[in-house]
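Source file: work-v6.txt; contents: compact mmCIF, C-alpha atoms.
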```txt
# COMPACT_ATOMS: atom_id res chain seq x y z
CA MET A 853 0.74 -16.94 -7.81
CA SER A 854 -1.04 -18.92 -5.12
CA ASP A 855 2.20 -19.01 -3.14
CA ILE A 856 2.15 -15.23 -2.81
CA LYS A 857 -1.43 -15.39 -1.53
CA THR A 858 -0.37 -18.00 1.01
CA TYR A 859 2.60 -15.90 2.09
CA LEU A 860 0.42 -12.80 2.45
CA PHE A 861 -1.59 -14.60 5.11
CA LYS A 862 1.35 -16.53 6.60
CA THR A 863 3.25 -13.30 7.33
CA ASN A 864 0.14 -11.33 8.39
CA ALA A 865 0.67 -9.02 5.42
CA ILE A 866 -3.09 -9.41 5.05
CA LYS A 867 -4.74 -9.73 8.42
CA VAL A 868 -8.45 -10.41 8.86
CA CYS A 869 -10.18 -9.21 12.03
CA GLU A 870 -11.69 -11.52 14.60
CA GLU A 871 -15.45 -12.00 14.41
CA ASN A 872 -17.34 -8.81 15.30
CA LYS A 873 -14.07 -6.93 15.91
CA PRO A 874 -13.36 -4.89 12.76
CA PHE A 875 -10.17 -2.84 12.61
CA TRP A 876 -10.09 0.93 13.01
CA TYR A 877 -8.53 2.68 10.00
CA THR A 878 -6.76 6.05 10.27
CA SER A 879 -9.65 7.69 8.38
CA GLY A 880 -12.05 6.92 11.23
CA LYS A 881 -13.80 4.22 9.23
CA ILE A 882 -13.74 0.54 10.13
CA GLY A 883 -13.14 -2.59 8.10
CA PRO A 884 -12.48 -6.32 8.33
CA TYR A 885 -8.90 -6.47 7.07
CA PHE A 886 -5.53 -4.72 7.06
CA VAL A 887 -2.91 -4.85 4.29
CA ASN A 888 0.82 -4.50 5.04
CA THR A 889 2.33 -5.88 1.83
CA HIS A 890 5.89 -5.24 2.99
CA PHE A 891 5.54 -7.99 5.65
CA ILE A 892 6.21 -10.54 2.87
CA TYR A 893 9.78 -9.34 3.15
CA GLY A 894 9.84 -12.35 5.49
CA SER A 895 7.99 -11.30 8.63
CA GLU A 896 6.58 -8.24 10.37
CA GLU A 897 9.77 -7.98 12.43
CA ASP A 898 12.06 -8.13 9.39
CA ALA A 899 9.92 -5.55 7.57
CA THR A 900 9.85 -3.19 10.56
CA ASN A 901 13.63 -3.46 10.90
CA LEU A 902 14.12 -2.52 7.24
CA LEU A 903 11.70 0.42 7.50
CA ASN A 904 13.58 1.70 10.54
CA PHE A 905 16.85 1.30 8.66
CA ILE A 906 15.46 3.27 5.70
CA ASP A 907 14.27 6.05 8.02
CA GLU A 908 17.80 6.43 9.38
CA ALA A 909 19.38 6.18 5.91
CA LEU A 910 17.12 8.93 4.50
CA SER A 911 19.51 11.55 5.85
CA ASN A 912 21.76 10.83 2.84
CA LYS A 913 19.76 10.32 -0.35
CA LEU A 914 22.84 9.51 -2.40
CA THR A 915 24.12 6.61 -0.28
CA LEU A 916 20.66 5.28 0.65
CA PRO A 917 20.02 3.20 -2.52
CA LYS A 918 23.17 1.12 -2.08
CA ASN A 919 22.62 0.72 1.68
CA VAL A 920 19.05 -0.47 1.18
CA PHE A 921 20.07 -2.73 -1.71
CA GLU A 922 22.65 -4.52 0.44
CA LYS A 923 19.95 -5.23 3.01
CA VAL A 924 17.38 -6.56 0.52
CA LEU A 925 19.99 -8.61 -1.37
CA ASN A 926 21.04 -10.31 1.87
CA GLN A 927 17.38 -10.98 2.71
CA TYR A 928 16.79 -12.36 -0.79
CA ASN A 929 19.71 -14.76 -0.36
CA THR A 930 18.70 -15.94 3.11
CA ASN A 931 14.90 -15.77 3.42
CA LYS A 932 12.87 -18.29 1.42
CA ILE A 933 9.56 -16.40 1.63
CA TYR A 934 11.07 -13.17 0.28
CA GLN A 935 13.07 -15.04 -2.36
CA ASP A 936 9.96 -16.91 -3.58
CA VAL A 937 7.94 -13.68 -3.69
CA ILE A 938 10.61 -11.76 -5.62
CA ASN A 939 11.15 -14.60 -8.09
CA THR A 940 7.39 -14.80 -8.69
CA VAL A 941 7.17 -11.03 -9.29
CA LYS A 942 10.16 -11.22 -11.67
CA ASP A 943 8.58 -14.06 -13.67
CA TYR A 944 5.26 -12.19 -13.79
CA ILE A 945 6.93 -9.04 -15.11
CA GLU A 946 8.84 -10.97 -17.78
CA GLU A 947 5.63 -12.72 -18.88
CA ASN A 948 3.69 -9.46 -19.23
CA ILE A 949 6.24 -6.86 -20.34
CA ASP A 950 8.88 -6.88 -23.06
CA ILE A 951 11.82 -6.20 -20.76
CA SER A 952 13.98 -5.03 -23.66
CA GLU A 953 11.70 -1.97 -23.90
CA VAL A 954 12.29 -0.98 -20.26
CA ASP A 955 15.07 1.57 -19.75
CA TYR A 956 14.76 2.04 -15.98
CA ILE A 957 12.96 0.59 -12.97
CA SER A 958 11.70 3.03 -10.35
CA GLY A 959 10.47 2.73 -6.78
CA GLY A 960 9.10 5.37 -4.43
CA GLU A 961 9.91 6.22 -0.81
CA ARG A 962 9.72 3.96 1.21
CA ARG A 963 7.91 0.63 0.90
CA ASP A 964 8.37 0.31 -2.88
CA TRP A 965 12.10 -0.16 -2.18
CA PHE A 966 11.38 -3.51 -0.54
CA PHE A 967 10.71 -4.74 -4.09
CA SER A 968 12.01 -2.31 -6.73
CA ASN A 969 15.73 -2.39 -5.80
CA ILE A 970 16.18 -6.15 -5.85
CA LEU A 971 14.08 -6.51 -9.02
CA ALA A 972 16.12 -3.85 -10.84
CA HIS A 973 19.20 -5.91 -9.96
CA LEU A 974 17.71 -9.24 -11.09
CA LEU A 975 16.31 -7.73 -14.30
CA ASN A 976 19.64 -5.95 -14.94
CA LYS A 977 18.13 -2.47 -15.18
CA PRO A 978 19.29 0.81 -13.60
CA HIS A 979 17.11 1.94 -10.70
CA ILE A 980 15.51 5.31 -9.99
CA SER A 981 14.88 6.01 -6.30
CA ILE A 982 12.07 8.56 -6.06
CA TYR A 983 11.81 10.57 -2.85
CA LYS A 984 8.66 12.17 -1.49
CA ASP A 985 9.99 15.63 -2.38
CA LEU A 986 10.16 14.38 -6.03
CA SER A 987 13.98 14.35 -6.09
CA THR A 988 15.53 11.33 -7.83
CA VAL A 989 18.71 9.27 -7.57
CA VAL A 990 19.75 6.84 -10.30
CA SER A 991 21.80 3.74 -9.50
CA ASP A 992 23.26 1.07 -11.79
CA SER A 993 21.77 -2.42 -11.49
CA ASN A 994 24.42 -3.47 -8.94
CA PHE A 995 23.99 -0.23 -6.96
CA GLU A 996 27.74 0.40 -7.12
CA ASN A 997 27.29 3.91 -8.47
CA SER A 998 24.50 6.36 -7.65
CA GLU A 999 23.97 9.95 -8.73
CA VAL A 1000 21.37 12.65 -8.33
CA VAL A 1001 19.71 13.24 -11.71
CA THR A 1002 17.56 16.07 -13.01
CA THR A 1003 17.27 14.97 -16.65
CA LEU A 1004 16.59 11.59 -18.31
CA ASN A 1005 15.14 12.39 -21.70
CA ASN A 1006 12.64 10.05 -23.37
CA LYS A 1007 13.25 7.01 -21.21
CA LYS A 1008 10.64 4.33 -20.54
CA VAL A 1009 10.22 3.47 -16.88
CA LEU A 1010 8.66 0.50 -15.08
CA HIS A 1011 7.51 1.51 -11.59
CA ILE A 1012 7.36 -1.25 -8.98
CA ALA A 1013 5.17 -0.74 -5.90
CA ASP A 1014 4.20 -2.76 -2.88
CA LEU A 1015 0.54 -1.72 -3.05
CA ILE A 1016 -1.86 0.33 -5.14
CA THR A 1017 -5.03 1.73 -3.56
CA VAL A 1018 -6.40 4.96 -5.07
CA ALA A 1019 -3.03 5.80 -6.72
CA SER A 1020 -2.55 9.02 -4.71
CA SER A 1021 1.23 8.47 -4.43
CA TYR A 1022 1.45 7.90 -8.19
CA LEU A 1023 -0.50 11.04 -9.03
CA ARG A 1024 1.12 13.24 -6.37
CA ALA A 1025 4.74 12.10 -6.65
CA TRP A 1026 5.90 9.14 -8.73
CA ILE A 1027 4.46 10.14 -12.13
CA PRO A 1028 5.39 13.86 -11.80
CA ALA A 1029 8.93 13.00 -10.61
CA ILE A 1030 9.62 10.93 -13.72
CA GLU A 1031 7.93 13.49 -15.99
CA ASN A 1032 10.15 16.19 -14.44
CA LEU A 1033 13.13 14.23 -15.77
CA GLY A 1034 11.68 14.26 -19.29
CA SER A 1035 10.64 10.60 -19.22
CA ASN A 1036 7.51 8.54 -18.58
CA ILE A 1037 6.31 5.69 -16.42
CA CYS A 1038 4.98 3.31 -19.06
CA TRP A 1039 4.28 0.33 -16.82
CA SER A 1040 3.38 -0.21 -13.17
CA CYS A 1041 3.64 -3.48 -11.30
CA SER A 1042 2.29 -3.69 -7.76
CA VAL A 1043 2.35 -6.78 -5.59
CA VAL A 1044 -1.16 -6.07 -4.26
CA ASP A 1045 -4.06 -4.08 -5.71
CA ARG A 1046 -6.67 -3.09 -3.14
CA MET A 1047 -9.17 -2.70 -6.00
CA GLN A 1048 -10.06 0.86 -5.05
CA GLY A 1049 -9.71 2.36 -8.51
CA GLY A 1050 -5.99 3.13 -8.52
CA ALA A 1051 -5.20 0.93 -11.51
CA GLN A 1052 -7.87 2.69 -13.57
CA LYS A 1053 -6.54 6.13 -12.60
CA ILE A 1054 -3.01 5.38 -13.77
CA ALA A 1055 -4.33 3.60 -16.88
CA GLU A 1056 -5.94 6.93 -17.79
CA LYS A 1057 -2.40 8.35 -17.74
CA GLY A 1058 -1.36 5.80 -20.35
CA ILE A 1059 0.34 3.46 -17.88
CA LYS A 1060 -0.08 -0.30 -18.23
CA SER A 1061 -1.00 -1.51 -14.74
CA LEU A 1062 -0.16 -4.99 -13.49
CA SER A 1063 -0.78 -6.56 -10.08
CA LEU A 1064 -0.06 -10.04 -8.80
CA VAL A 1065 -2.79 -10.19 -6.13
CA ASN A 1066 -6.17 -8.45 -6.13
CA ILE A 1067 -8.03 -7.89 -2.85
CA ASP A 1068 -11.21 -9.63 -3.94
CA LEU A 1069 -13.45 -12.49 -2.89
CA SER A 1070 -11.20 -15.18 -4.39
CA LEU A 1071 -8.35 -14.05 -2.12
CA PHE A 1072 -10.45 -14.53 1.00
CA GLU A 1073 -11.85 -17.82 -0.28
CA LYS A 1074 -8.20 -18.85 -0.46
CA ALA A 1075 -7.85 -17.77 3.19
CA LEU A 1076 -10.84 -19.95 4.07
CA SER A 1077 -9.24 -22.95 2.33
CA LEU A 1078 -6.05 -22.30 4.33
CA ASN A 1079 -8.12 -22.24 7.57
CA VAL A 1080 -6.96 -18.68 8.19
CA ILE A 1081 -10.57 -17.48 8.51
CA ASN A 1082 -13.96 -19.08 9.14
CA GLU A 1083 -17.29 -18.84 7.29
CA ASN A 1084 -18.59 -15.99 9.47
CA GLN A 1085 -15.50 -13.89 8.78
CA LEU A 1086 -15.87 -14.64 5.07
CA GLU A 1087 -19.48 -13.39 5.17
CA MET A 1088 -18.39 -10.02 6.58
CA LEU A 1089 -15.61 -9.81 3.98
CA LYS A 1090 -18.08 -10.57 1.18
CA GLY A 1091 -20.36 -7.76 2.31
CA PHE A 1092 -17.45 -5.36 2.72
CA ILE A 1093 -16.12 -6.06 -0.78
CA GLU A 1094 -19.58 -5.54 -2.31
CA ASN A 1095 -20.50 -2.43 -0.29
CA PRO A 1096 -18.03 -1.40 2.43
CA ASP A 1097 -19.94 1.56 3.89
CA GLU A 1098 -23.31 -0.16 4.03
CA THR A 1099 -21.81 -3.32 5.57
CA MET A 1100 -19.98 -1.41 8.30
CA LYS A 1101 -23.00 0.84 8.94
CA GLN A 1102 -25.13 -2.26 9.49
CA PHE A 1103 -22.48 -3.71 11.80
CA LEU A 1104 -22.48 -0.53 13.94
CA ILE A 1105 -26.27 -0.54 14.16
CA GLU A 1106 -26.29 -4.19 15.26
CA HIS A 1107 -23.33 -3.76 17.67
CA PRO A 1108 -23.71 -0.33 19.36
CA GLU A 1109 -21.34 -1.45 22.11
CA PHE A 1110 -18.46 -1.58 19.57
CA LEU A 1111 -18.40 2.20 19.12
CA GLU A 1112 -19.10 2.83 22.78
CA ASN A 1113 -16.14 0.66 23.81
CA ALA A 1114 -13.87 2.37 21.25
CA LEU A 1115 -14.70 5.82 22.63
CA ASN A 1116 -13.58 4.57 26.06
CA SER A 1117 -10.49 2.75 24.77
CA ASP A 1118 -6.82 3.72 24.30
CA GLU A 1119 -5.98 7.14 22.87
CA LYS A 1120 -5.37 5.98 19.29
CA THR A 1121 -8.65 4.05 19.06
CA LYS A 1122 -10.54 6.85 20.79
CA GLN A 1123 -9.27 9.41 18.25
CA ARG A 1124 -10.36 7.26 15.32
CA ALA A 1125 -13.76 6.62 16.88
CA LYS A 1126 -14.20 10.36 17.40
CA LEU A 1127 -13.44 10.91 13.69
CA LEU A 1128 -16.25 8.50 12.87
CA VAL A 1129 -18.71 10.20 15.21
CA ASP A 1130 -17.74 13.82 14.48
CA GLY A 1131 -17.75 13.25 10.74
CA ASN A 1132 -20.90 11.09 10.87
CA LEU A 1133 -19.00 8.83 8.47
CA TYR A 1134 -21.75 6.23 8.21
CA GLY A 1135 -24.78 8.53 8.46
CA ILE A 1136 -26.13 7.06 11.71
CA ASN A 1137 -25.66 9.89 14.25
```
Let's see the structure in the file written out as structure tokens.
Amino acid sequence: MSDIKTYLFKTNAIKVCEENKPFWYTSGKIGPYFVNTHFIYGSEEDATNLLNFIDEALSNKLTLPKNVFEKVLNQYNTNKIYQDVINTVKDYIEENIDISEVDYISGGERRDWFFSNILAHLLNKPHISIYKDLSTVVSDSNFENSEVVTTLNNKKVLHIADLITVASSYLRAWIPAIENLGSNICWSCSVVDRMQGGAQKIAEKGIKSLSLVNIDLSLFEKALSLNVINENQLEMLKGFIENPDETMKQFLIEHPEFLENALNSDEKTKQRAKLLVDGNLYGIN
């Protein structure tokens, strides 16, 4: 498991900000780290290339699963980081779930497919590709045959995800899509849990939730031991994990120039800073 943590930092899948330079999130809030789990596909470049490929392949939902599978299988066979990660996830699933009870493995558009397709193949289970419009395509474990399906009565599904945060994708799309088929997601396995309540929300739906890496203090203590971050960065991370809003509010009070600079920065940063100010997101206007 520690290897996955190491790889998350090695590939910048988890990136910690420089001292006194928190990242701007799309919500307009700020924080000390970013998570891009799909970078452990091998590198940011490899992951970006696959995402771009998926975007182009989305024009044909029926051929997409095989096309994506061929890409991830080749990466699995040639990239040690990705191979190690996938093998670790496979072992973890087999240790925690009776695989004989699983009828199908599912993954949702788009980043889940970095993990769900190859794991369906290695675990010898048919794969359900779930699209954002809740349509579904089922492929055999070798992705030789794919078909659009509208009914799969009383099947037990294991959903594999790159990341779980507040489980909005599960609640909006993945769970309803499988229920529409007449089946149920019984298990969820995510590579990373951001510890924002998502696991609890899907547990309330009767889904057993598993994650290999939790975004918690031990993860960043690991980063310190790897010399990825220093003690000062760890202090900010500690505060953020305990109370994100209060920690970032205090930072803004102590560093007024940070917000001022952001409002005079590039367009993207400026827009996010305006969201913070206009929404008075930290109660300091």
Can you tell me, as lines of an AutoDock Vina configuration file, the centre and edge lengths (Å, one decimal) of the axis-aligned box enclosing all of range 1048-1051 of chain A's listed atoms after padding each side by 3 Å?
```
center_x = -7.6
center_y = 2.0
center_z = -8.3
size_x = 10.9
size_y = 8.3
size_z = 12.5
```
So that I can check the surroundings of range 961-970 of chain A, please list as a list of chain:residue names every protein, DNA and RNA residue that reaches within 8 Å of it, counting only C-alpha atoms and ignoring chain neighbours fewer than 2 positions away. A:His890, A:Tyr893, A:Leu903, A:Ile906, A:Pro917, A:Val920, A:Phe921, A:Val924, A:Leu925, A:Ile938, A:Ile957, A:Ser958, A:Gly959, A:Ala972, A:His973, A:Leu974, A:His979, A:Ser981, A:Ile982, A:Tyr983, A:Lys984, A:His1011, A:Ile1012, A:Ala1013, A:Asp1014
Give as number ranges by chain each residue that has an atom at most 10 Å from (11.9, 14.3, -4.7) in the file, counting all atoms listed in the file. A: 913, 960-961, 981-989, 1025-1026, 1028-1030
Which of these residues is nearest to Asp1068 in chain A, using only C-alpha atoms: A:Val1080, A:Leu1089, A:Tyr877, A:Ser993?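 That would be A:Leu1089, the residue with the smallest distance to Asp1068 in chain A.
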Could you please determine the separation between CA of Tyr928 in chain A and CA of Lys1060 in chain A in Å, to one decimal place?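 CA of Lys1060 in chain A lies 27.1 Å from CA of Tyr928 in chain A.
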Using all atoms listed in the file for the distances, tell me which of A:Ile1067, A:Leu914, A:Ala1075, A:Gly880 is nearest to Val1000 in chain A.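 Using all atoms listed in the file, Val1000 in chain A sits closest to A:Leu914.
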Got a sec: who's within 8 Å of Val937 in chain A, counting all atoms listed in the file, leaving out chain neighbours fewer than 3 positions off, as a PDB file with C-alpha atoms, in the frame of the given file?
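What ended up in result.pdb:
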```
ATOM      1  CA  ASP A 855       2.200 -19.010  -3.140  1.00  0.00           C
ATOM      2  CA  ILE A 856       2.150 -15.230  -2.810  1.00  0.00           C
ATOM      3  CA  ILE A 892       6.210 -10.540   2.870  1.00  0.00           C
ATOM      4  CA  ILE A 933       9.560 -16.400   1.630  1.00  0.00           C
ATOM      5  CA  TYR A 934      11.070 -13.170   0.280  1.00  0.00           C
ATOM      6  CA  THR A 940       7.390 -14.800  -8.690  1.00  0.00           C
ATOM      7  CA  VAL A 941       7.170 -11.030  -9.290  1.00  0.00           C
TER       8      VAL A 941
END
```
Of the candidates A:Gly894, A:Gly1135, A:Pro884, A:Pro1108, which shows the shortest atom-to-atom distance to Phe1092 in chain A, using only C-alpha atoms?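 Among A:Gly894, A:Gly1135, A:Pro884, A:Pro1108, it is A:Pro884 that comes nearest to Phe1092 in chain A.
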When you look at Cys869 in chain A with a cut-off of 8 Å (counting all atoms listed in the file), what residues show up, excluding the ones that are within fewer than 4 positions of it in the same chain? I need them as a VMD selection string. chain A and resid 873 to 875 884 to 885 1085
Could you tell me how far CA of Ser1040 in chain A sits from CA of Phe861 in chain A, in Å to one decimal place?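 So the two atoms, CA of Phe861 in chain A and CA of Ser1040 in chain A, lie 23.8 Å apart.
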By how many Å are CA of Phe1110 in chain A and CA of Phe1072 in chain A apart?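 Between CA of Phe1110 in chain A and CA of Phe1072 in chain A the gap is 24.0 Å.
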Would you kindly return, as a ChimeraX atom specification, each protein, DNA or RNA residue with an atom no farther than 12 Å from any atom of Ser952 in chain A, considering all atoms listed in the file and excluding same-chain residues fewer than 6 positions away? /A:945-946,975-977,1008-1010
Here is a test: counting only C-alpha atoms, which residue of A:Glu1056, A:Ser1117, A:Leu1069, A:Thr889 is nearest to Ser1042 in chain A?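 Counting only C-alpha atoms, the residue closest to Ser1042 in chain A is A:Thr889.
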Considering all atoms listed in the file, state which residue in the set A:Ala899, A:Ile882, A:Leu860, A:Leu971 is at the smallest distance from Lys1101 in chain A.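 Counting all atoms listed in the file, the residue closest to Lys1101 in chain A is A:Ile882.
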So, counting all atoms listed in the file, which residue among A:Asn1079, A:Ile1105, A:Leu1111, A:Leu1062 is closest to Ile1136 in chain A?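 The answer is A:Ile1105, which sits nearest to Ile1136 in chain A.
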Selection near Asp992 in chain A, 8 Å with all atoms listed in the file, sequence-local residues under 2 positions removed, as a PyMOL selection string: chain A and resi 977-979+990+994-998
